[in-house]
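As structure tokens, the structure follows; a few thoughts come after it.
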Amino acid sequence: MDCHVLVIGSGGAGVRAAIEASGYGKTILLSKTLAGKGGCTPMAEGGYNAVLREQDSCEIHYGDTMKGGSYLNDPELVRILVAEAPERMEDLLRWGAVFDVTDCCEVAQRPFGGQSFPRTCYAGDRTGHEMMVTLIERLASTDVKVISEVTVLDLVVESGRVVGALGLDGKGNIVAVRADATVLATGGGTQIYDISTNSSSGTGDGFAIGYRAGAELIDMEMVQFHPTGAVYPYDARGRLITEAVRGEGGVLKNALGERFMEKYDPVKKELSTRDVVSRAIATEILEGRGTAHGGVYLDVTHLPRQQIEERLPVMLEQFLKFGVDIREEPMEVAPTAHHIMGGLRISPHGETTLPGLYACGEVTGGVHGANRLGGNALADTQVFGKRAGESAGRAPRRDVRIGEKAIEAQEERLSLFLGGEVPPSTVVRSLRTAMWEGAGIFRTARDLEKTLGVIAHLSSLPLLARTRENLGECCTVQNMLLTATLVVRGALLRKESRGAHTRRDVVQAWDAQTSPYGHTYQSLTRSGIETVVRE
Amino acid sequence: MKVHARVFRFDPEEDEKPHYQNYVVEVNEGARVLHVLQAIHDEIDPTLAFRYCCGAGQCGSCAVRINGEPGLACMEEARDGMTVEPLDLPIKKDLVVDLQPFLATLPRICPRGEPEVPDREKVELLKPLRSCIECVCCVSVCPAMDVASFDGPTAMRQELRLALDPRDKGGDRVREAVSHGLFTCTSCQACWKVCPKDIEIPGKAIEKLRALANREGLTLPRHQEVARLVRETGRSIVRTGPTFLEDAPEVIEPDGPVKATVGFFVGCMYNGRLPQTARDAMEVLKRNGIRVIIPREQVCCGSPLIRTGQVDFLDTLKKRNIDAFVFRKIDTVLTMCAGCGSTLKNDYRTPFRVMDINEVLTKFGIEPPARLPVKATYHDPCHLLRGQGIRDQPRELITQVVELVEMPSICCGSGGGVRSGMPEVAAALAENRRKEIEKTGAEIVVSSCPFCEFHISEHTDRPVRNVTSILLEGYREKDRKKAKGTVSS
């Protein structure tokens, strides 16, 4: 297949990029899942941050985002995010999105963590779903060719330039797509952790694919642990309990009934930033003040029933399915791996360090620094989705073909799986446990080194695909292993505690604003940590 | 915990026909169906194909049938001994069905291009229509889609969303809905009952669209005729003979001690078309200690108007009916028409309790009838089973008098104005019903709704009887036996 722009990924960022790119030439959207059903956007519950009111300003949103990100954010990217989030919200409204509104016919906003002004727009607690439905409707009116249920194997690089990608269809046949420009919008990868909010497609494919092709990634150690994930039943562990629960007034209590956030952040309490709240909950649990299920209580029983029913319907429905009526009894929650702030280094135009390759959404780094504010990710998908799609669309046409060599190399990789020995699920289970134990909320060099050893061992195992239809699973596991490697290596490179990254073995004499460090970076050719000279 | 699961397997490229495979896996307490499928895939058979993604009930990728009922694998709790099958749609492999053709038919917005925000009232109307996750469970169970040119429940939901949204300039969405089969829906509610997001498509989308169609003059002529009748006579059917109410006493005192007093809401069909069935029911009530008050001024419940979107006369009907019972200080109103019962329970706000006759008889208990040497099958009326959640009670009564052979609960085609407005669709649905009846080998069909009874009887050669009529037959047989016994002894 041949196109001008190839977009990989069908979440909020990918679809937004494809919509934009379609104005410039033939665009193909490749999706590992049914387009629109994959990724984390349809699961995003809480909201979309945008400055919409007189009393708010982009300057304040910028300040909140930088502070929340422990000043590791790329300031230029943040400026763009806050300036363009309202415009992209207008696009969504133009295309038919149904957000909650106030009596004055304005998009309603609620407070989220780390905000100086309540600027999170929402559609109940199914905001991401509302956006996704809107985007898919819009996509249907473009000429974008959507190819669902194809797993991307790797990018094809010819003479230092990305010229398309190779994928696997459901039957295990190789699909080749040549493109003048390729946009990676594959989302995040916290499925590498035992406890995670991510959809099954959050396996870090884009980090791995981008890295293998030669792109540079930054700040991969910055993994956001969302403070409130479900703790039981066992298989529901980690399922996201939206920050909107606290935004609407939910309070956190330990097993002793103490509202412990007063201790950790007396001013913002439950609506402190996610890194702070997660560490607080983890500390309460570690110090023995957790519930029997190993969590803390998140309580909304004091709120009017109607407010819960109208503003948190998905939460209500999900908990009822598991036998808990949140109008009557508290939820039990604990931190869960949620978002990877690091990712492909991008320019303000969504260009990666690799010619021909663009990226947007969670697969990129720099926008959210060391900790992302709730509500900034959905905005990120739209702002940078549009930018990456536009840049890719403007890329010049090129006369290159995908060489036979690239396909042969993939066939070789795949044939090894058919003769392999270890089922992918076995490797995944070990990886997730190792990551949760050794590269979680609290980290030390010793644990990280040990984890790296486990990952190296797991990576050396010959993965088995029983049939060609199982080949994709093996590729996905390889991507997970590589993503985990990048996270752990990044965590070792950053010898400080900052934002979501807490190094228990490092004593530091600086805070986020005076830190001597900038981004960690990793590519096939170099790795390290940037140092910043402060006046 | 250990879970035995029977899983549907079929690879259209390899297999001639589907088969079922039994598996036993160890899963965690509280595991969902999805976790059982994952365990099978990871530990026993990696060739098992199933689709899933978010694992949290929000993407709609993983819908399957669990013990016959469509649901999301990631949300439904795994049960030992369960059967897992694909949705009743074209199968790609095993549990994976082809959703694309259905998703592709969904109408999409044509934005005007202004970033305007609908007002709050509009937003509140739109929100429930937006929570659809396009899992197409509804499509997989819709009976009308099998026999008519109908885009299906979720497409109608989307049509209404577009019709209500001021930002859409895609033309007349109501007219579009009509041309895509709006009037073929029988309001059987199967779509609503399987919807993981509990979207009440028949009431909140189909009927609303039909009401908009009414404003545009698109109501079917036969439906308009019914509305005219109701307006002029208070009844939805033409009088063809003496009616039940014309002959009925004001109060029927029971034979023995009074167990309960109810007001009887007879409904147009039992009143005008099947009065003998209503009289049978009165005898059964009389024999079982239920005192019945029958207000004569009661009128049509309005169901034929609500289902067809002709709602401007509705409030008058409601008031007249409510007043008729309130005036006599009745605290429990008994219905025996599934449609009337569902309407009084769901579309009215009544100051009294409404109970179906099956509920009343099982609640207060019945004198055991004699057993009849007859094999019967039971047709669940949609407005009783799904409209009122009444499944076990009629069975409890029927099995006391005859042998019961079950058949799948599918719509017979008589509801939602389809019988009058789209007779060929109603007939095609009845044909599907007839086939299932035939498979059971039953000699008679029992039901508990005049519309179903009337419609099915036109499409099967077996007698179709009301639950109370066969109970009464059981009593008569009992009395005959007793009389004979007395004579011979």
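Each chain in the structure tokens gets a letter, A, B and so on, in the order shown; residues start at 1 in every chain, and ligands are counted from 1 in the order they appear.
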Could I get the residues of chain B with an atom no further than 8 Å from an atom of chain A, each paired with its nearest atom pair and that distance in Å to one decimal, using only C-alpha atoms, sorted by chain and residue number, as a Markdown table?
```
| residue | atom | partner | partner_atom | distance |
| --- | --- | --- | --- | --- |
| B:Asn28 | CA | A:Tyr234 | CA | 6.4 |
| B:Glu29 | CA | A:Pro233 | CA | 6.8 |
| B:Gly30 | CA | A:Pro233 | CA | 5.4 |
| B:Ala31 | CA | A:Asp235 | CA | 5.9 |
| B:Arg32 | CA | A:Asp235 | CA | 7.7 |
| B:His35 | CA | A:Asp235 | CA | 7.5 |
| B:Asp42 | CA | A:Ser425 | CA | 5.9 |
| B:Pro46 | CA | A:Arg466 | CA | 6.9 |
| B:Thr47 | CA | A:Thr467 | CA | 7.3 |
| B:Tyr52 | CA | A:Ser200 | CA | 7.6 |
| B:Cys53 | CA | A:Ser200 | CA | 5.1 |
| B:Cys54 | CA | A:Ser199 | CA | 4.0 |
| B:Gly55 | CA | A:Ser199 | CA | 6.4 |
| B:Ala56 | CA | A:Arg239 | CA | 7.0 |
| B:Gly57 | CA | A:Gln318 | CA | 7.9 |
| B:Gln58 | CA | A:Met43 | CA | 6.0 |
| B:Cys59 | CA | A:Lys37 | CA | 4.9 |
| B:Gly60 | CA | A:Lys37 | CA | 7.1 |
| B:Ser61 | CA | A:Lys37 | CA | 6.7 |
| B:Met75 | CA | A:Lys321 | CA | 7.2 |
| B:Glu76 | CA | A:Lys321 | CA | 7.9 |
| B:Arg108 | CA | A:Glu137 | CA | 5.6 |
| B:Ile109 | CA | A:Glu137 | CA | 6.7 |
| B:Cys110 | CA | A:Trp95 | CA | 7.9 |
| B:Pro111 | CA | A:Trp95 | CA | 5.5 |
| B:Arg112 | CA | A:Arg94 | CA | 7.5 |
| B:Gly113 | CA | A:Arg94 | CA | 5.4 |
| B:Glu114 | CA | A:Arg94 | CA | 5.2 |
| B:Pro115 | CA | A:Arg94 | CA | 3.9 |
| B:Glu116 | CA | A:Leu93 | CA | 6.4 |
| B:Val117 | CA | A:Cys105 | CA | 6.5 |
| B:Pro118 | CA | A:Cys105 | CA | 7.1 |
| B:Asp119 | CA | A:Cys105 | CA | 5.3 |
| B:Arg120 | CA | A:Val101 | CA | 5.8 |
| B:Val123 | CA | A:Val98 | CA | 6.6 |
| B:Leu126 | CA | A:Val98 | CA | 7.3 |
| B:Lys127 | CA | A:Val98 | CA | 7.0 |
| B:Arg130 | CA | A:Glu130 | CA | 7.1 |
| B:Ser131 | CA | A:Glu130 | CA | 7.7 |
| B:Asp165 | CA | A:Gly96 | CA | 7.8 |
| B:Arg167 | CA | A:Gly96 | CA | 6.5 |
| B:Asp168 | CA | A:Gly96 | CA | 7.6 |
```
Residues within 12 Å of A:Gly403, only C-alpha atoms, excluding chain neighbours under 2 positions, as a ChimeraX atom specification = /A:156-159,163-166,176-178,400-401,405-410
Write out the residues from the selection above, keeping N, CA and C atoms, as a PDB file, in the first residue's frame.
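out.pdb was written with the following content:
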```pdb
ATOM      1  N   VAL A 156      10.009   1.373   8.548  1.00  0.00           N
ATOM      2  CA  VAL A 156      11.020   1.073   7.545  1.00  0.00           C
ATOM      3  C   VAL A 156      11.864   2.326   7.348  1.00  0.00           C
ATOM      4  N   VAL A 157      13.170   2.165   7.526  1.00  0.00           N
ATOM      5  CA  VAL A 157      14.073   3.298   7.383  1.00  0.00           C
ATOM      6  C   VAL A 157      14.964   3.063   6.165  1.00  0.00           C
ATOM      7  N   GLU A 158      14.951   3.998   5.244  1.00  0.00           N
ATOM      8  CA  GLU A 158      15.830   3.930   4.068  1.00  0.00           C
ATOM      9  C   GLU A 158      16.672   5.196   4.046  1.00  0.00           C
ATOM     10  N   SER A 159      17.972   5.023   3.990  1.00  0.00           N
ATOM     11  CA  SER A 159      18.924   6.145   3.994  1.00  0.00           C
ATOM     12  C   SER A 159      18.600   7.142   5.101  1.00  0.00           C
ATOM     13  N   VAL A 163      10.276   5.658   5.809  1.00  0.00           N
ATOM     14  CA  VAL A 163       9.517   5.668   4.552  1.00  0.00           C
ATOM     15  C   VAL A 163       8.247   4.818   4.638  1.00  0.00           C
ATOM     16  N   GLY A 164       7.843   4.513   5.857  1.00  0.00           N
ATOM     17  CA  GLY A 164       6.614   3.730   6.007  1.00  0.00           C
ATOM     18  C   GLY A 164       6.772   2.707   7.105  1.00  0.00           C
ATOM     19  N   ALA A 165       5.942   1.699   7.085  1.00  0.00           N
ATOM     20  CA  ALA A 165       5.970   0.710   8.151  1.00  0.00           C
ATOM     21  C   ALA A 165       5.523  -0.645   7.639  1.00  0.00           C
ATOM     22  N   LEU A 166       5.923  -1.663   8.387  1.00  0.00           N
ATOM     23  CA  LEU A 166       5.464  -3.018   8.112  1.00  0.00           C
ATOM     24  C   LEU A 166       4.573  -3.461   9.266  1.00  0.00           C
ATOM     25  N   ALA A 176       2.651  -4.085   4.090  1.00  0.00           N
ATOM     26  CA  ALA A 176       3.629  -3.009   3.952  1.00  0.00           C
ATOM     27  C   ALA A 176       2.921  -1.729   3.516  1.00  0.00           C
ATOM     28  N   VAL A 177       3.210  -0.646   4.202  1.00  0.00           N
ATOM     29  CA  VAL A 177       2.635   0.645   3.816  1.00  0.00           C
ATOM     30  C   VAL A 177       3.771   1.638   3.598  1.00  0.00           C
ATOM     31  N   ARG A 178       3.862   2.132   2.380  1.00  0.00           N
ATOM     32  CA  ARG A 178       4.870   3.147   2.100  1.00  0.00           C
ATOM     33  C   ARG A 178       4.251   4.523   2.302  1.00  0.00           C
ATOM     34  N   VAL A 400      10.302   6.792  -3.022  1.00  0.00           N
ATOM     35  CA  VAL A 400      11.073   5.694  -2.440  1.00  0.00           C
ATOM     36  C   VAL A 400      10.170   4.474  -2.357  1.00  0.00           C
ATOM     37  N   ARG A 401      10.781   3.327  -2.384  1.00  0.00           N
ATOM     38  CA  ARG A 401       9.996   2.114  -2.208  1.00  0.00           C
ATOM     39  C   ARG A 401      10.459   1.408  -0.952  1.00  0.00           C
ATOM     40  N   LYS A 405      14.467  -6.124   1.319  1.00  0.00           N
ATOM     41  CA  LYS A 405      15.331  -6.475   2.461  1.00  0.00           C
ATOM     42  C   LYS A 405      14.606  -6.294   3.787  1.00  0.00           C
ATOM     43  N   ALA A 406      13.871  -5.167   3.878  1.00  0.00           N
ATOM     44  CA  ALA A 406      13.176  -4.867   5.131  1.00  0.00           C
ATOM     45  C   ALA A 406      12.137  -5.946   5.427  1.00  0.00           C
ATOM     46  N   ILE A 407      11.436  -6.375   4.385  1.00  0.00           N
ATOM     47  CA  ILE A 407      10.409  -7.406   4.581  1.00  0.00           C
ATOM     48  C   ILE A 407      11.052  -8.737   4.945  1.00  0.00           C
ATOM     49  N   GLU A 408      12.145  -9.040   4.256  1.00  0.00           N
ATOM     50  CA  GLU A 408      12.853 -10.295   4.557  1.00  0.00           C
ATOM     51  C   GLU A 408      13.329 -10.319   6.001  1.00  0.00           C
ATOM     52  N   ALA A 409      13.840  -9.197   6.459  1.00  0.00           N
ATOM     53  CA  ALA A 409      14.336  -9.132   7.838  1.00  0.00           C
ATOM     54  C   ALA A 409      13.217  -9.411   8.826  1.00  0.00           C
ATOM     55  N   GLN A 410      12.032  -8.864   8.547  1.00  0.00           N
ATOM     56  CA  GLN A 410      10.891  -9.117   9.445  1.00  0.00           C
ATOM     57  C   GLN A 410      10.472 -10.579   9.390  1.00  0.00           C
TER      58      GLN A 410
END
```
Name all residues at most 9 Å from B:Glu250 (count only C-alpha atoms; drop same-chain ones fewer than 4 positions away) and give them as an MDAnalysis selection string.
-> chainID B and resid 292:296
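Between A:Gly229 and the candidates A:Asp194, A:Glu332, A:Asp380, A:Asp447, the tightest atom-to-atom separation, counting only C-alpha atoms, involves A:Glu332.
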Contacts of B:Ala144 at 12 Å or less, counting only C-alpha atoms, minus same-chain residues fewer than 6 places along, as a ChimeraX atom specification?
-> /B:138,150-153,180-191,410-416,418,422,424-430,432
Output for the residues just chosen: C-alpha atoms as an mmCIF file, in the first residue's frame:
```cif
data_model
loop_
_atom_site.group_PDB
_atom_site.id
_atom_site.type_symbol
_atom_site.label_atom_id
_atom_site.label_comp_id
_atom_site.auth_asym_id
_atom_site.auth_seq_id
_atom_site.Cartn_x
_atom_site.Cartn_y
_atom_site.Cartn_z
ATOM 1 C CA CYS B 138 -28.405 -4.596 20.416
ATOM 2 C CA PHE B 150 -34.034 -1.836 9.362
ATOM 3 C CA ASP B 151 -30.704 -0.241 10.257
ATOM 4 C CA GLY B 152 -31.169 -1.320 13.842
ATOM 5 C CA PRO B 153 -31.461 0.026 17.357
ATOM 6 C CA HIS B 180 -34.196 3.231 7.426
ATOM 7 C CA GLY B 181 -36.939 1.268 9.104
ATOM 8 C CA LEU B 182 -38.106 3.355 12.061
ATOM 9 C CA PHE B 183 -41.583 1.820 11.913
ATOM 10 C CA THR B 184 -40.364 -1.785 11.822
ATOM 11 C CA CYS B 185 -39.363 -1.784 15.514
ATOM 12 C CA THR B 186 -41.835 -3.811 17.578
ATOM 13 C CA SER B 187 -40.635 -2.207 20.838
ATOM 14 C CA CYS B 188 -39.717 -5.681 22.064
ATOM 15 C CA GLN B 189 -36.972 -4.050 24.156
ATOM 16 C CA ALA B 190 -34.461 -6.812 23.560
ATOM 17 C CA CYS B 191 -31.938 -4.124 22.592
ATOM 18 C CA ILE B 410 -38.404 -14.010 20.775
ATOM 19 C CA CYS B 411 -40.800 -11.338 19.666
ATOM 20 C CA CYS B 412 -43.898 -12.514 17.760
ATOM 21 C CA GLY B 413 -44.095 -9.278 15.793
ATOM 22 C CA SER B 414 -47.347 -7.871 17.106
ATOM 23 C CA GLY B 415 -46.026 -4.931 19.160
ATOM 24 C CA GLY B 416 -44.968 -1.377 18.519
ATOM 25 C CA VAL B 418 -45.942 -3.113 13.551
ATOM 26 C CA MET B 422 -46.186 -2.974 8.748
ATOM 27 C CA GLU B 424 -45.636 -7.920 6.264
ATOM 28 C CA VAL B 425 -42.909 -7.383 8.887
ATOM 29 C CA ALA B 426 -45.237 -8.602 11.640
ATOM 30 C CA ALA B 427 -46.036 -11.682 9.579
ATOM 31 C CA ALA B 428 -42.369 -12.431 8.934
ATOM 32 C CA LEU B 429 -41.628 -12.199 12.661
ATOM 33 C CA ALA B 430 -44.586 -14.453 13.426
ATOM 34 C CA ASN B 432 -39.985 -17.107 12.979
#
```
Compile the contact shell of stretch 9-24 of chain A as number ranges by chain: residues with an atom at most 7 Å away, counting only C-alpha atoms, same-chain residues fewer than 3 positions apart removed.
-> A: 5, 27, 29-31, 35-36, 38-41, 132, 135, 139, 142-144, 184-186, 360-361, 381-382, 385-386, 388-390, 392-394
Can you list, as a PyMOL selection string, every residue of stretch 291-332 of chain B that DSSP puts in helix (DSSP H, G or I)?
-> chain B and resi 303-307+314-326
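Counting only C-alpha atoms, stretch 87-101 of chain B has the following residues at most 6 Å away, ignoring those fewer than 6 positions along the same chain: Arg9, Phe10, Asp11, Ala49, Phe50, Arg51, Val64, Arg65 and Ser140 of chain B.
The space between atom CA of A:Val245 and atom CA of A:Met222 spans 24.3 Å.
Atom pair atom CA of B:Pro70 / atom CA of B:Cys135 has a distance of 9.9 Å (rounded to one decimal).
Each of A:Pro266, A:Glu221, A:Thr433, A:Arg119 was compared to A:Ile529 using only C-alpha atoms, and A:Glu221 turns out to be the nearest.
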List every residue of stretch 352-431 of chain A that DSSP, applied to the backbone, labels as strand (DSSP E or B), and write the result as a PyMOL selection string.
-> chain A and resi 357-359+364-365+422
How about saving the chosen residues, C-alpha atoms kept, as an mmCIF file, in the first residue's frame?
```
data_model
loop_
_atom_site.group_PDB
_atom_site.id
_atom_site.type_symbol
_atom_site.label_atom_id
_atom_site.label_comp_id
_atom_site.auth_asym_id
_atom_site.auth_seq_id
_atom_site.Cartn_x
_atom_site.Cartn_y
_atom_site.Cartn_z
ATOM 1 C CA LEU A 357 8.820 10.406 11.461
ATOM 2 C CA TYR A 358 6.341 12.489 13.447
ATOM 3 C CA ALA A 359 4.733 11.692 16.762
ATOM 4 C CA THR A 364 5.942 11.619 22.948
ATOM 5 C CA GLY A 365 7.920 13.192 25.798
ATOM 6 C CA VAL A 422 8.362 -19.751 25.780
#
```
At what distance in Å, to one decimal, does atom CA of B:Gly302 lie from atom CA of B:Asp198?
-> 24.7 Å
What's the 8 Å shell around stretch 262-277 of chain B, counting only C-alpha atoms, without same-chain residues fewer than 3 positions away, as a ChimeraX atom specification?
-> /B:235-245,280-281,290-295,298-301,325,330-337,340,450-451,466,468-469
